[in-house]
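Colleague: To be precise about what I am sending: the file is called protein.pdb and holds PDB, N, CA and C atoms.
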```pdb
ATOM      1  N   MET A   1      -0.970  -3.928 -15.950  1.00  0.00           N
ATOM      2  CA  MET A   1      -2.151  -3.515 -15.222  1.00  0.00           C
ATOM      3  C   MET A   1      -1.811  -3.442 -13.734  1.00  0.00           C
ATOM      4  N   ALA A   2      -2.017  -2.303 -13.120  1.00  0.00           N
ATOM      5  CA  ALA A   2      -1.710  -2.099 -11.710  1.00  0.00           C
ATOM      6  C   ALA A   2      -2.798  -2.717 -10.846  1.00  0.00           C
ATOM      7  N   SER A   3      -2.381  -3.303  -9.731  1.00  0.00           N
ATOM      8  CA  SER A   3      -3.377  -3.902  -8.828  1.00  0.00           C
ATOM      9  C   SER A   3      -3.901  -2.833  -7.875  1.00  0.00           C
ATOM     10  N   ALA A   4      -5.136  -3.004  -7.470  1.00  0.00           N
ATOM     11  CA  ALA A   4      -5.779  -2.058  -6.567  1.00  0.00           C
ATOM     12  C   ALA A   4      -5.259  -2.284  -5.156  1.00  0.00           C
ATOM     13  N   PRO A   5      -5.178  -1.229  -4.366  1.00  0.00           N
ATOM     14  CA  PRO A   5      -4.744  -1.393  -2.975  1.00  0.00           C
ATOM     15  C   PRO A   5      -5.777  -2.217  -2.197  1.00  0.00           C
ATOM     16  N   PRO A   6      -5.346  -2.900  -1.144  1.00  0.00           N
ATOM     17  CA  PRO A   6      -6.292  -3.704  -0.366  1.00  0.00           C
ATOM     18  C   PRO A   6      -7.355  -2.825   0.271  1.00  0.00           C
ATOM     19  N   VAL A   7      -8.532  -3.381   0.412  1.00  0.00           N
ATOM     20  CA  VAL A   7      -9.656  -2.673   1.030  1.00  0.00           C
ATOM     21  C   VAL A   7      -9.934  -3.327   2.372  1.00  0.00           C
ATOM     22  N   PHE A   8     -10.027  -2.507   3.418  1.00  0.00           N
ATOM     23  CA  PHE A   8     -10.292  -3.020   4.763  1.00  0.00           C
ATOM     24  C   PHE A   8     -11.590  -2.431   5.275  1.00  0.00           C
ATOM     25  N   ASP A   9     -12.345  -3.269   5.961  1.00  0.00           N
ATOM     26  CA  ASP A   9     -13.540  -2.775   6.642  1.00  0.00           C
ATOM     27  C   ASP A   9     -13.091  -1.923   7.819  1.00  0.00           C
ATOM     28  N   ASP A  10     -13.979  -1.060   8.286  1.00  0.00           N
ATOM     29  CA  ASP A  10     -13.649  -0.225   9.438  1.00  0.00           C
ATOM     30  C   ASP A  10     -13.325  -1.069  10.666  1.00  0.00           C
ATOM     31  N   ASP A  11     -13.960  -2.232  10.800  1.00  0.00           N
ATOM     32  CA  ASP A  11     -13.758  -3.083  11.975  1.00  0.00           C
ATOM     33  C   ASP A  11     -12.568  -4.031  11.799  1.00  0.00           C
ATOM     34  N   MET A  12     -11.962  -4.044  10.642  1.00  0.00           N
ATOM     35  CA  MET A  12     -10.889  -5.005  10.378  1.00  0.00           C
ATOM     36  C   MET A  12      -9.523  -4.335  10.519  1.00  0.00           C
ATOM     37  N   ASP A  13      -8.719  -4.850  11.402  1.00  0.00           N
ATOM     38  CA  ASP A  13      -7.377  -4.332  11.626  1.00  0.00           C
ATOM     39  C   ASP A  13      -6.405  -5.236  10.869  1.00  0.00           C
ATOM     40  N   PRO A  14      -5.590  -4.716   9.950  1.00  0.00           N
ATOM     41  CA  PRO A  14      -4.700  -5.560   9.158  1.00  0.00           C
ATOM     42  C   PRO A  14      -3.484  -6.071   9.931  1.00  0.00           C
ATOM     43  N   SER A  15      -3.315  -5.626  11.165  1.00  0.00           N
ATOM     44  CA  SER A  15      -2.155  -6.091  11.934  1.00  0.00           C
ATOM     45  C   SER A  15      -2.580  -7.150  12.952  1.00  0.00           C
ATOM     46  N   HIS A  16      -1.605  -7.888  13.426  1.00  0.00           N
ATOM     47  CA  HIS A  16      -1.857  -8.910  14.437  1.00  0.00           C
ATOM     48  C   HIS A  16      -0.745  -8.814  15.474  1.00  0.00           C
ATOM     49  N   LEU A  17      -1.109  -8.801  16.722  1.00  0.00           N
ATOM     50  CA  LEU A  17      -0.133  -8.753  17.799  1.00  0.00           C
ATOM     51  C   LEU A  17      -0.134 -10.088  18.526  1.00  0.00           C
ATOM     52  N   ALA A  18       1.038 -10.574  18.825  1.00  0.00           N
ATOM     53  CA  ALA A  18       1.166 -11.823  19.576  1.00  0.00           C
ATOM     54  C   ALA A  18       2.157 -11.601  20.703  1.00  0.00           C
ATOM     55  N   GLU A  19       1.827 -12.110  21.863  1.00  0.00           N
ATOM     56  CA  GLU A  19       2.730 -12.003  22.995  1.00  0.00           C
ATOM     57  C   GLU A  19       3.755 -13.130  22.889  1.00  0.00           C
ATOM     58  N   LEU A  20       5.028 -12.775  22.913  1.00  0.00           N
ATOM     59  CA  LEU A  20       6.098 -13.757  22.784  1.00  0.00           C
ATOM     60  C   LEU A  20       6.842 -13.877  24.104  1.00  0.00           C
ATOM     61  N   ASP A  21       7.182 -15.088  24.471  1.00  0.00           N
ATOM     62  CA  ASP A  21       7.922 -15.346  25.698  1.00  0.00           C
ATOM     63  C   ASP A  21       9.356 -15.718  25.319  1.00  0.00           C
ATOM     64  N   PHE A  22      10.193 -14.713  25.101  1.00  0.00           N
ATOM     65  CA  PHE A  22      11.564 -14.955  24.677  1.00  0.00           C
ATOM     66  C   PHE A  22      12.387 -15.641  25.758  1.00  0.00           C
ATOM     67  N   GLY A  23      12.064 -15.369  27.018  1.00  0.00           N
ATOM     68  CA  GLY A  23      12.789 -16.016  28.111  1.00  0.00           C
ATOM     69  C   GLY A  23      12.670 -17.525  28.041  1.00  0.00           C
ATOM     70  N   THR A  24      11.475 -18.009  27.782  1.00  0.00           N
ATOM     71  CA  THR A  24      11.260 -19.447  27.658  1.00  0.00           C
ATOM     72  C   THR A  24      11.826 -19.974  26.353  1.00  0.00           C
ATOM     73  N   ALA A  25      11.637 -19.236  25.283  1.00  0.00           N
ATOM     74  CA  ALA A  25      12.092 -19.694  23.971  1.00  0.00           C
ATOM     75  C   ALA A  25      13.607 -19.846  23.899  1.00  0.00           C
ATOM     76  N   PHE A  26      14.345 -18.987  24.580  1.00  0.00           N
ATOM     77  CA  PHE A  26      15.800 -19.014  24.494  1.00  0.00           C
ATOM     78  C   PHE A  26      16.472 -19.470  25.790  1.00  0.00           C
ATOM     79  N   ALA A  27      15.712 -20.058  26.690  1.00  0.00           N
ATOM     80  CA  ALA A  27      16.270 -20.531  27.956  1.00  0.00           C
ATOM     81  C   ALA A  27      17.083 -21.803  27.741  1.00  0.00           C
ATOM     82  N   ALA A  28      18.008 -22.038  28.629  1.00  0.00           N
ATOM     83  CA  ALA A  28      18.791 -23.275  28.586  1.00  0.00           C
ATOM     84  C   ALA A  28      17.849 -24.458  28.809  1.00  0.00           C
ATOM     85  N   PRO A  29      18.139 -25.586  28.186  1.00  0.00           N
ATOM     86  CA  PRO A  29      17.275 -26.756  28.381  1.00  0.00           C
ATOM     87  C   PRO A  29      17.297 -27.199  29.840  1.00  0.00           C
ATOM     88  N   THR A  30      16.179 -27.717  30.302  1.00  0.00           N
ATOM     89  CA  THR A  30      16.088 -28.195  31.686  1.00  0.00           C
ATOM     90  C   THR A  30      16.070 -29.710  31.759  1.00  0.00           C
ATOM     91  N   ASP A  31      15.736 -30.373  30.653  1.00  0.00           N
ATOM     92  CA  ASP A  31      15.676 -31.833  30.613  1.00  0.00           C
ATOM     93  C   ASP A  31      16.379 -32.341  29.362  1.00  0.00           C
ATOM     94  N   CYS A  32      16.983 -33.506  29.469  1.00  0.00           N
ATOM     95  CA  CYS A  32      17.638 -34.129  28.319  1.00  0.00           C
ATOM     96  C   CYS A  32      16.581 -34.559  27.308  1.00  0.00           C
ATOM     97  N   PRO A  33      16.712 -34.153  26.046  1.00  0.00           N
ATOM     98  CA  PRO A  33      15.739 -34.570  25.036  1.00  0.00           C
ATOM     99  C   PRO A  33      15.722 -36.083  24.797  1.00  0.00           C
ATOM    100  N   ASP A  34      16.818 -36.783  25.116  1.00  0.00           N
ATOM    101  CA  ASP A  34      16.860 -38.239  24.909  1.00  0.00           C
ATOM    102  C   ASP A  34      16.212 -39.008  26.056  1.00  0.00           C
ATOM    103  N   CYS A  35      16.729 -38.809  27.276  1.00  0.00           N
ATOM    104  CA  CYS A  35      16.277 -39.647  28.390  1.00  0.00           C
ATOM    105  C   CYS A  35      15.357 -38.932  29.370  1.00  0.00           C
ATOM    106  N   GLY A  36      15.242 -37.607  29.263  1.00  0.00           N
ATOM    107  CA  GLY A  36      14.345 -36.859  30.141  1.00  0.00           C
ATOM    108  C   GLY A  36      14.960 -36.481  31.479  1.00  0.00           C
ATOM    109  N   SER A  37      16.209 -36.826  31.697  1.00  0.00           N
ATOM    110  CA  SER A  37      16.873 -36.505  32.961  1.00  0.00           C
ATOM    111  C   SER A  37      16.994 -34.994  33.133  1.00  0.00           C
ATOM    112  N   SER A  38      16.902 -34.541  34.361  1.00  0.00           N
ATOM    113  CA  SER A  38      17.087 -33.113  34.638  1.00  0.00           C
ATOM    114  C   SER A  38      18.540 -32.816  35.014  1.00  0.00           C
ATOM    115  N   ARG A  39      19.414 -33.777  34.886  1.00  0.00           N
ATOM    116  CA  ARG A  39      20.824 -33.620  35.258  1.00  0.00           C
ATOM    117  C   ARG A  39      21.657 -33.222  34.040  1.00  0.00           C
ATOM    118  N   LEU A  40      21.437 -31.999  33.551  1.00  0.00           N
ATOM    119  CA  LEU A  40      22.221 -31.462  32.437  1.00  0.00           C
ATOM    120  C   LEU A  40      23.315 -30.550  32.980  1.00  0.00           C
ATOM    121  N   THR A  41      24.486 -30.618  32.379  1.00  0.00           N
ATOM    122  CA  THR A  41      25.610 -29.791  32.781  1.00  0.00           C
ATOM    123  C   THR A  41      26.043 -28.952  31.582  1.00  0.00           C
ATOM    124  N   ALA A  42      26.207 -27.650  31.805  1.00  0.00           N
ATOM    125  CA  ALA A  42      26.675 -26.759  30.745  1.00  0.00           C
ATOM    126  C   ALA A  42      28.162 -26.994  30.515  1.00  0.00           C
ATOM    127  N   GLN A  43      28.566 -27.015  29.242  1.00  0.00           N
ATOM    128  CA  GLN A  43      29.959 -27.236  28.855  1.00  0.00           C
ATOM    129  C   GLN A  43      30.411 -26.074  27.975  1.00  0.00           C
ATOM    130  N   ASP A  44      31.550 -25.482  28.281  1.00  0.00           N
ATOM    131  CA  ASP A  44      32.094 -24.407  27.450  1.00  0.00           C
ATOM    132  C   ASP A  44      32.628 -25.021  26.157  1.00  0.00           C
ATOM    133  N   ALA A  45      32.075 -24.592  25.022  1.00  0.00           N
ATOM    134  CA  ALA A  45      32.494 -25.104  23.720  1.00  0.00           C
ATOM    135  C   ALA A  45      33.061 -23.976  22.860  1.00  0.00           C
ATOM    136  N   GLY A  46      33.763 -23.055  23.479  1.00  0.00           N
ATOM    137  CA  GLY A  46      34.372 -21.939  22.746  1.00  0.00           C
ATOM    138  C   GLY A  46      33.379 -20.835  22.471  1.00  0.00           C
ATOM    139  N   ASP A  47      32.831 -20.811  21.276  1.00  0.00           N
ATOM    140  CA  ASP A  47      31.913 -19.739  20.885  1.00  0.00           C
ATOM    141  C   ASP A  47      30.462 -20.045  21.235  1.00  0.00           C
ATOM    142  N   ARG A  48      30.205 -21.153  21.886  1.00  0.00           N
ATOM    143  CA  ARG A  48      28.831 -21.507  22.276  1.00  0.00           C
ATOM    144  C   ARG A  48      28.889 -22.325  23.566  1.00  0.00           C
ATOM    145  N   THR A  49      27.746 -22.611  24.128  1.00  0.00           N
ATOM    146  CA  THR A  49      27.643 -23.475  25.293  1.00  0.00           C
ATOM    147  C   THR A  49      26.916 -24.740  24.886  1.00  0.00           C
ATOM    148  N   ASP A  50      27.540 -25.870  25.119  1.00  0.00           N
ATOM    149  CA  ASP A  50      26.891 -27.167  24.899  1.00  0.00           C
ATOM    150  C   ASP A  50      26.366 -27.662  26.238  1.00  0.00           C
ATOM    151  N   PHE A  51      25.535 -28.680  26.196  1.00  0.00           N
ATOM    152  CA  PHE A  51      24.996 -29.285  27.404  1.00  0.00           C
ATOM    153  C   PHE A  51      25.206 -30.781  27.319  1.00  0.00           C
ATOM    154  N   SER A  52      25.600 -31.388  28.437  1.00  0.00           N
ATOM    155  CA  SER A  52      25.746 -32.836  28.460  1.00  0.00           C
ATOM    156  C   SER A  52      24.861 -33.405  29.559  1.00  0.00           C
ATOM    157  N   CYS A  53      24.301 -34.570  29.288  1.00  0.00           N
ATOM    158  CA  CYS A  53      23.433 -35.243  30.243  1.00  0.00           C
ATOM    159  C   CYS A  53      24.305 -36.127  31.131  1.00  0.00           C
ATOM    160  N   ASP A  54      24.181 -35.952  32.437  1.00  0.00           N
ATOM    161  CA  ASP A  54      24.970 -36.743  33.375  1.00  0.00           C
ATOM    162  C   ASP A  54      24.483 -38.189  33.461  1.00  0.00           C
ATOM    163  N   ASP A  55      23.272 -38.463  32.982  1.00  0.00           N
ATOM    164  CA  ASP A  55      22.744 -39.832  33.054  1.00  0.00           C
ATOM    165  C   ASP A  55      23.032 -40.640  31.793  1.00  0.00           C
ATOM    166  N   CYS A  56      22.651 -40.138  30.613  1.00  0.00           N
ATOM    167  CA  CYS A  56      22.828 -40.922  29.378  1.00  0.00           C
ATOM    168  C   CYS A  56      24.056 -40.495  28.577  1.00  0.00           C
ATOM    169  N   ARG A  57      24.743 -39.424  29.020  1.00  0.00           N
ATOM    170  CA  ARG A  57      25.957 -38.915  28.391  1.00  0.00           C
ATOM    171  C   ARG A  57      25.747 -38.288  27.007  1.00  0.00           C
ATOM    172  N   ALA A  58      24.513 -38.042  26.609  1.00  0.00           N
ATOM    173  CA  ALA A  58      24.246 -37.358  25.342  1.00  0.00           C
ATOM    174  C   ALA A  58      24.713 -35.913  25.464  1.00  0.00           C
ATOM    175  N   GLU A  59      25.182 -35.349  24.351  1.00  0.00           N
ATOM    176  CA  GLU A  59      25.618 -33.953  24.332  1.00  0.00           C
ATOM    177  C   GLU A  59      24.768 -33.166  23.346  1.00  0.00           C
ATOM    178  N   TRP A  60      24.459 -31.915  23.722  1.00  0.00           N
ATOM    179  CA  TRP A  60      23.515 -31.084  22.974  1.00  0.00           C
ATOM    180  C   TRP A  60      24.081 -29.696  22.765  1.00  0.00           C
ATOM    181  N   ALA A  61      23.651 -29.033  21.692  1.00  0.00           N
ATOM    182  CA  ALA A  61      24.019 -27.643  21.414  1.00  0.00           C
ATOM    183  C   ALA A  61      22.838 -26.957  20.744  1.00  0.00           C
ATOM    184  N   PHE A  62      22.764 -25.631  20.902  1.00  0.00           N
ATOM    185  CA  PHE A  62      21.746 -24.860  20.194  1.00  0.00           C
ATOM    186  C   PHE A  62      22.261 -24.546  18.803  1.00  0.00           C
ATOM    187  N   ARG A  63      21.401 -24.677  17.813  1.00  0.00           N
ATOM    188  CA  ARG A  63      21.742 -24.339  16.432  1.00  0.00           C
ATOM    189  C   ARG A  63      20.486 -23.796  15.765  1.00  0.00           C
ATOM    190  N   LEU A  64      20.546 -22.534  15.359  1.00  0.00           N
ATOM    191  CA  LEU A  64      19.403 -21.885  14.696  1.00  0.00           C
ATOM    192  C   LEU A  64      18.118 -22.004  15.507  1.00  0.00           C
ATOM    193  N   GLY A  65      18.231 -21.810  16.810  1.00  0.00           N
ATOM    194  CA  GLY A  65      17.059 -21.817  17.676  1.00  0.00           C
ATOM    195  C   GLY A  65      16.552 -23.196  18.070  1.00  0.00           C
ATOM    196  N   ARG A  66      17.271 -24.229  17.676  1.00  0.00           N
ATOM    197  CA  ARG A  66      16.873 -25.596  18.039  1.00  0.00           C
ATOM    198  C   ARG A  66      18.001 -26.255  18.801  1.00  0.00           C
ATOM    199  N   ILE A  67      17.657 -27.237  19.622  1.00  0.00           N
ATOM    200  CA  ILE A  67      18.687 -27.992  20.299  1.00  0.00           C
ATOM    201  C   ILE A  67      18.936 -29.265  19.489  1.00  0.00           C
ATOM    202  N   VAL A  68      20.209 -29.523  19.185  1.00  0.00           N
ATOM    203  CA  VAL A  68      20.569 -30.679  18.375  1.00  0.00           C
ATOM    204  C   VAL A  68      21.629 -31.491  19.104  1.00  0.00           C
ATOM    205  N   ARG A  69      21.632 -32.790  18.854  1.00  0.00           N
ATOM    206  CA  ARG A  69      22.623 -33.656  19.473  1.00  0.00           C
ATOM    207  C   ARG A  69      23.955 -33.500  18.760  1.00  0.00           C
ATOM    208  N   VAL A  70      25.032 -33.463  19.536  1.00  0.00           N
ATOM    209  CA  VAL A  70      26.375 -33.337  18.980  1.00  0.00           C
ATOM    210  C   VAL A  70      27.263 -34.436  19.543  1.00  0.00           C
ATOM    211  N   THR A  71      28.362 -34.674  18.853  1.00  0.00           N
ATOM    212  CA  THR A  71      29.375 -35.607  19.323  1.00  0.00           C
ATOM    213  C   THR A  71      30.542 -34.775  19.830  1.00  0.00           C
ATOM    214  N   ALA A  72      31.038 -35.093  20.986  1.00  0.00           N
ATOM    215  CA  ALA A  72      32.120 -34.312  21.596  1.00  0.00           C
ATOM    216  C   ALA A  72      33.263 -34.110  20.613  1.00  0.00           C
ATOM    217  N   GLY A  73      33.705 -32.853  20.468  1.00  0.00           N
ATOM    218  CA  GLY A  73      34.834 -32.542  19.613  1.00  0.00           C
ATOM    219  C   GLY A  73      34.506 -32.419  18.141  1.00  0.00           C
ATOM    220  N   HIS A  74      33.244 -32.540  17.764  1.00  0.00           N
ATOM    221  CA  HIS A  74      32.863 -32.457  16.358  1.00  0.00           C
ATOM    222  C   HIS A  74      32.034 -31.196  16.111  1.00  0.00           C
ATOM    223  N   ALA A  75      31.961 -30.787  14.870  1.00  0.00           N
ATOM    224  CA  ALA A  75      31.160 -29.623  14.493  1.00  0.00           C
ATOM    225  C   ALA A  75      29.693 -29.888  14.741  1.00  0.00           C
ATOM    226  N   VAL A  76      28.953 -28.842  15.046  1.00  0.00           N
ATOM    227  CA  VAL A  76      27.522 -28.959  15.281  1.00  0.00           C
ATOM    228  C   VAL A  76      26.829 -29.177  13.943  1.00  0.00           C
ATOM    229  N   PRO A  77      25.996 -30.212  13.798  1.00  0.00           N
ATOM    230  CA  PRO A  77      25.316 -30.446  12.528  1.00  0.00           C
ATOM    231  C   PRO A  77      24.229 -29.421  12.266  1.00  0.00           C
ATOM    232  N   GLU A  78      23.925 -29.225  11.011  1.00  0.00           N
ATOM    233  CA  GLU A  78      22.811 -28.355  10.639  1.00  0.00           C
ATOM    234  C   GLU A  78      21.498 -29.051  10.979  1.00  0.00           C
ATOM    235  N   PRO A  79      20.485 -28.315  11.469  1.00  0.00           N
ATOM    236  CA  PRO A  79      19.185 -28.938  11.731  1.00  0.00           C
ATOM    237  C   PRO A  79      18.540 -29.441  10.458  1.00  0.00           C
ATOM    238  N   ARG A  80      17.759 -30.477  10.579  1.00  0.00           N
ATOM    239  CA  ARG A  80      17.033 -31.020   9.418  1.00  0.00           C
ATOM    240  C   ARG A  80      15.703 -30.371   9.270  1.00  0.00           C
TER
END
```
Spell out the structure here as structure tokens.
Modeller:
Amino acid sequence: MASAPPVFDDDMDPSHLAELDFGTAFAAPTDCPDCGSSRLTAQDAGDRTDFSCDDCRAEWAFRLGRIVRVTAGHAVPEPR
């Protein structure tokens, strides 16, 4: 049995538009997620850029759009 196509009222628009701020979404972190310090330093990690906190020494990398903590010299873990 074939399903009927959706029915829309004249006033109902089936699409939705949202304004996205990609600059903010993909910007480098400004504060350490652990201690909140603004003293982050970018580190060249070959195919990506990691960030290290000058205060607490935590190291961070972007993975699948999220920032995750990494250990120097180790592979970046998958986000949970």
Colleague: What's around Ala42 (chain A) at 10 Å? Count only C-alpha atoms, leave out sequence neighbours fewer than 6 positions away in its own chain, and write the answer as a PDB file with N, CA and C atoms, keeping the file's coordinate frame.
Modeller:
```pdb
ATOM      1  N   ALA A  28      18.008 -22.038  28.629  1.00  0.00           N
ATOM      2  CA  ALA A  28      18.791 -23.275  28.586  1.00  0.00           C
ATOM      3  C   ALA A  28      17.849 -24.458  28.809  1.00  0.00           C
ATOM      4  N   PRO A  29      18.139 -25.586  28.186  1.00  0.00           N
ATOM      5  CA  PRO A  29      17.275 -26.756  28.381  1.00  0.00           C
ATOM      6  C   PRO A  29      17.297 -27.199  29.840  1.00  0.00           C
ATOM      7  N   THR A  49      27.746 -22.611  24.128  1.00  0.00           N
ATOM      8  CA  THR A  49      27.643 -23.475  25.293  1.00  0.00           C
ATOM      9  C   THR A  49      26.916 -24.740  24.886  1.00  0.00           C
ATOM     10  N   ASP A  50      27.540 -25.870  25.119  1.00  0.00           N
ATOM     11  CA  ASP A  50      26.891 -27.167  24.899  1.00  0.00           C
ATOM     12  C   ASP A  50      26.366 -27.662  26.238  1.00  0.00           C
ATOM     13  N   PHE A  51      25.535 -28.680  26.196  1.00  0.00           N
ATOM     14  CA  PHE A  51      24.996 -29.285  27.404  1.00  0.00           C
ATOM     15  C   PHE A  51      25.206 -30.781  27.319  1.00  0.00           C
ATOM     16  N   SER A  52      25.600 -31.388  28.437  1.00  0.00           N
ATOM     17  CA  SER A  52      25.746 -32.836  28.460  1.00  0.00           C
ATOM     18  C   SER A  52      24.861 -33.405  29.559  1.00  0.00           C
ATOM     19  N   CYS A  53      24.301 -34.570  29.288  1.00  0.00           N
ATOM     20  CA  CYS A  53      23.433 -35.243  30.243  1.00  0.00           C
ATOM     21  C   CYS A  53      24.305 -36.127  31.131  1.00  0.00           C
ATOM     22  N   GLU A  59      25.182 -35.349  24.351  1.00  0.00           N
ATOM     23  CA  GLU A  59      25.618 -33.953  24.332  1.00  0.00           C
ATOM     24  C   GLU A  59      24.768 -33.166  23.346  1.00  0.00           C
ATOM     25  N   TRP A  60      24.459 -31.915  23.722  1.00  0.00           N
ATOM     26  CA  TRP A  60      23.515 -31.084  22.974  1.00  0.00           C
ATOM     27  C   TRP A  60      24.081 -29.696  22.765  1.00  0.00           C
ATOM     28  N   ALA A  61      23.651 -29.033  21.692  1.00  0.00           N
ATOM     29  CA  ALA A  61      24.019 -27.643  21.414  1.00  0.00           C
ATOM     30  C   ALA A  61      22.838 -26.957  20.744  1.00  0.00           C
TER      31      ALA A  61
END
```
Colleague: What does the distance from atom N of Asp55 (chain A) to atom C of Val70 (chain A) come to in Å, to one decimal?
Modeller: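 Result for atom N of Asp55 (chain A) versus atom C of Val70 (chain A): 14.6 Å, one decimal.
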Colleague: Work out how far apart CA of Phe62 (chain A) and CA of Asp47 (chain A) are and give it in Å to one decimal.
Modeller: 11.4 Å
Colleague: For CA of Ala4 (chain A) and CA of Ala18 (chain A), determine how far apart the two atoms are, in Å to one decimal place.
Modeller: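 These atoms are spaced 28.8 Å apart.
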Colleague: Between A:His16, A:Arg69, A:Arg57, A:Arg63, which residue has the minimum interatomic distance to Ser37 (chain A), considering only C-alpha atoms?
Modeller: A:Arg57
Colleague: Determine which residues of region 13-72 of chain A DSSP labels as strand (DSSP E) from the backbone of this structure, then write them out as a ChimeraX atom specification.
Modeller: /A:40-44,49-53,59-63,66-70
Colleague: Next, dump the selected residues to file, keeping only N, CA and C atoms, as a short mmCIF file (atom, residue, chain, number, x, y, z; two decimals), keeping the file's coordinate frame.
Modeller:
```cif
data_model
loop_
_atom_site.label_atom_id
_atom_site.label_comp_id
_atom_site.auth_asym_id
_atom_site.auth_seq_id
_atom_site.Cartn_x
_atom_site.Cartn_y
_atom_site.Cartn_z
N LEU A 40 21.44 -32.00 33.55
CA LEU A 40 22.22 -31.46 32.44
C LEU A 40 23.32 -30.55 32.98
N THR A 41 24.49 -30.62 32.38
CA THR A 41 25.61 -29.79 32.78
C THR A 41 26.04 -28.95 31.58
N ALA A 42 26.21 -27.65 31.80
CA ALA A 42 26.68 -26.76 30.74
C ALA A 42 28.16 -26.99 30.52
N GLN A 43 28.57 -27.02 29.24
CA GLN A 43 29.96 -27.24 28.86
C GLN A 43 30.41 -26.07 27.98
N ASP A 44 31.55 -25.48 28.28
CA ASP A 44 32.09 -24.41 27.45
C ASP A 44 32.63 -25.02 26.16
N THR A 49 27.75 -22.61 24.13
CA THR A 49 27.64 -23.48 25.29
C THR A 49 26.92 -24.74 24.89
N ASP A 50 27.54 -25.87 25.12
CA ASP A 50 26.89 -27.17 24.90
C ASP A 50 26.37 -27.66 26.24
N PHE A 51 25.54 -28.68 26.20
CA PHE A 51 25.00 -29.28 27.40
C PHE A 51 25.21 -30.78 27.32
N SER A 52 25.60 -31.39 28.44
CA SER A 52 25.75 -32.84 28.46
C SER A 52 24.86 -33.40 29.56
N CYS A 53 24.30 -34.57 29.29
CA CYS A 53 23.43 -35.24 30.24
C CYS A 53 24.30 -36.13 31.13
N GLU A 59 25.18 -35.35 24.35
CA GLU A 59 25.62 -33.95 24.33
C GLU A 59 24.77 -33.17 23.35
N TRP A 60 24.46 -31.92 23.72
CA TRP A 60 23.52 -31.08 22.97
C TRP A 60 24.08 -29.70 22.76
N ALA A 61 23.65 -29.03 21.69
CA ALA A 61 24.02 -27.64 21.41
C ALA A 61 22.84 -26.96 20.74
N PHE A 62 22.76 -25.63 20.90
CA PHE A 62 21.75 -24.86 20.19
C PHE A 62 22.26 -24.55 18.80
N ARG A 63 21.40 -24.68 17.81
CA ARG A 63 21.74 -24.34 16.43
C ARG A 63 20.49 -23.80 15.76
N ARG A 66 17.27 -24.23 17.68
CA ARG A 66 16.87 -25.60 18.04
C ARG A 66 18.00 -26.26 18.80
N ILE A 67 17.66 -27.24 19.62
CA ILE A 67 18.69 -27.99 20.30
C ILE A 67 18.94 -29.26 19.49
N VAL A 68 20.21 -29.52 19.18
CA VAL A 68 20.57 -30.68 18.38
C VAL A 68 21.63 -31.49 19.10
N ARG A 69 21.63 -32.79 18.85
CA ARG A 69 22.62 -33.66 19.47
C ARG A 69 23.96 -33.50 18.76
N VAL A 70 25.03 -33.46 19.54
CA VAL A 70 26.38 -33.34 18.98
C VAL A 70 27.26 -34.44 19.54
#
```
Colleague: Produce the centre coordinates and the three edge lengths, each in Å to one decimal, of the box along x, y and z that contains all listed atoms of region 59-66 of chain A with 4 Å added on each side, as AutoDock Vina command-line options.
Modeller:
```
--center_x 21.1 --center_y -28.6 --center_z 19.5 --size_x 17.1 --size_y 21.5 --size_z 17.7
```
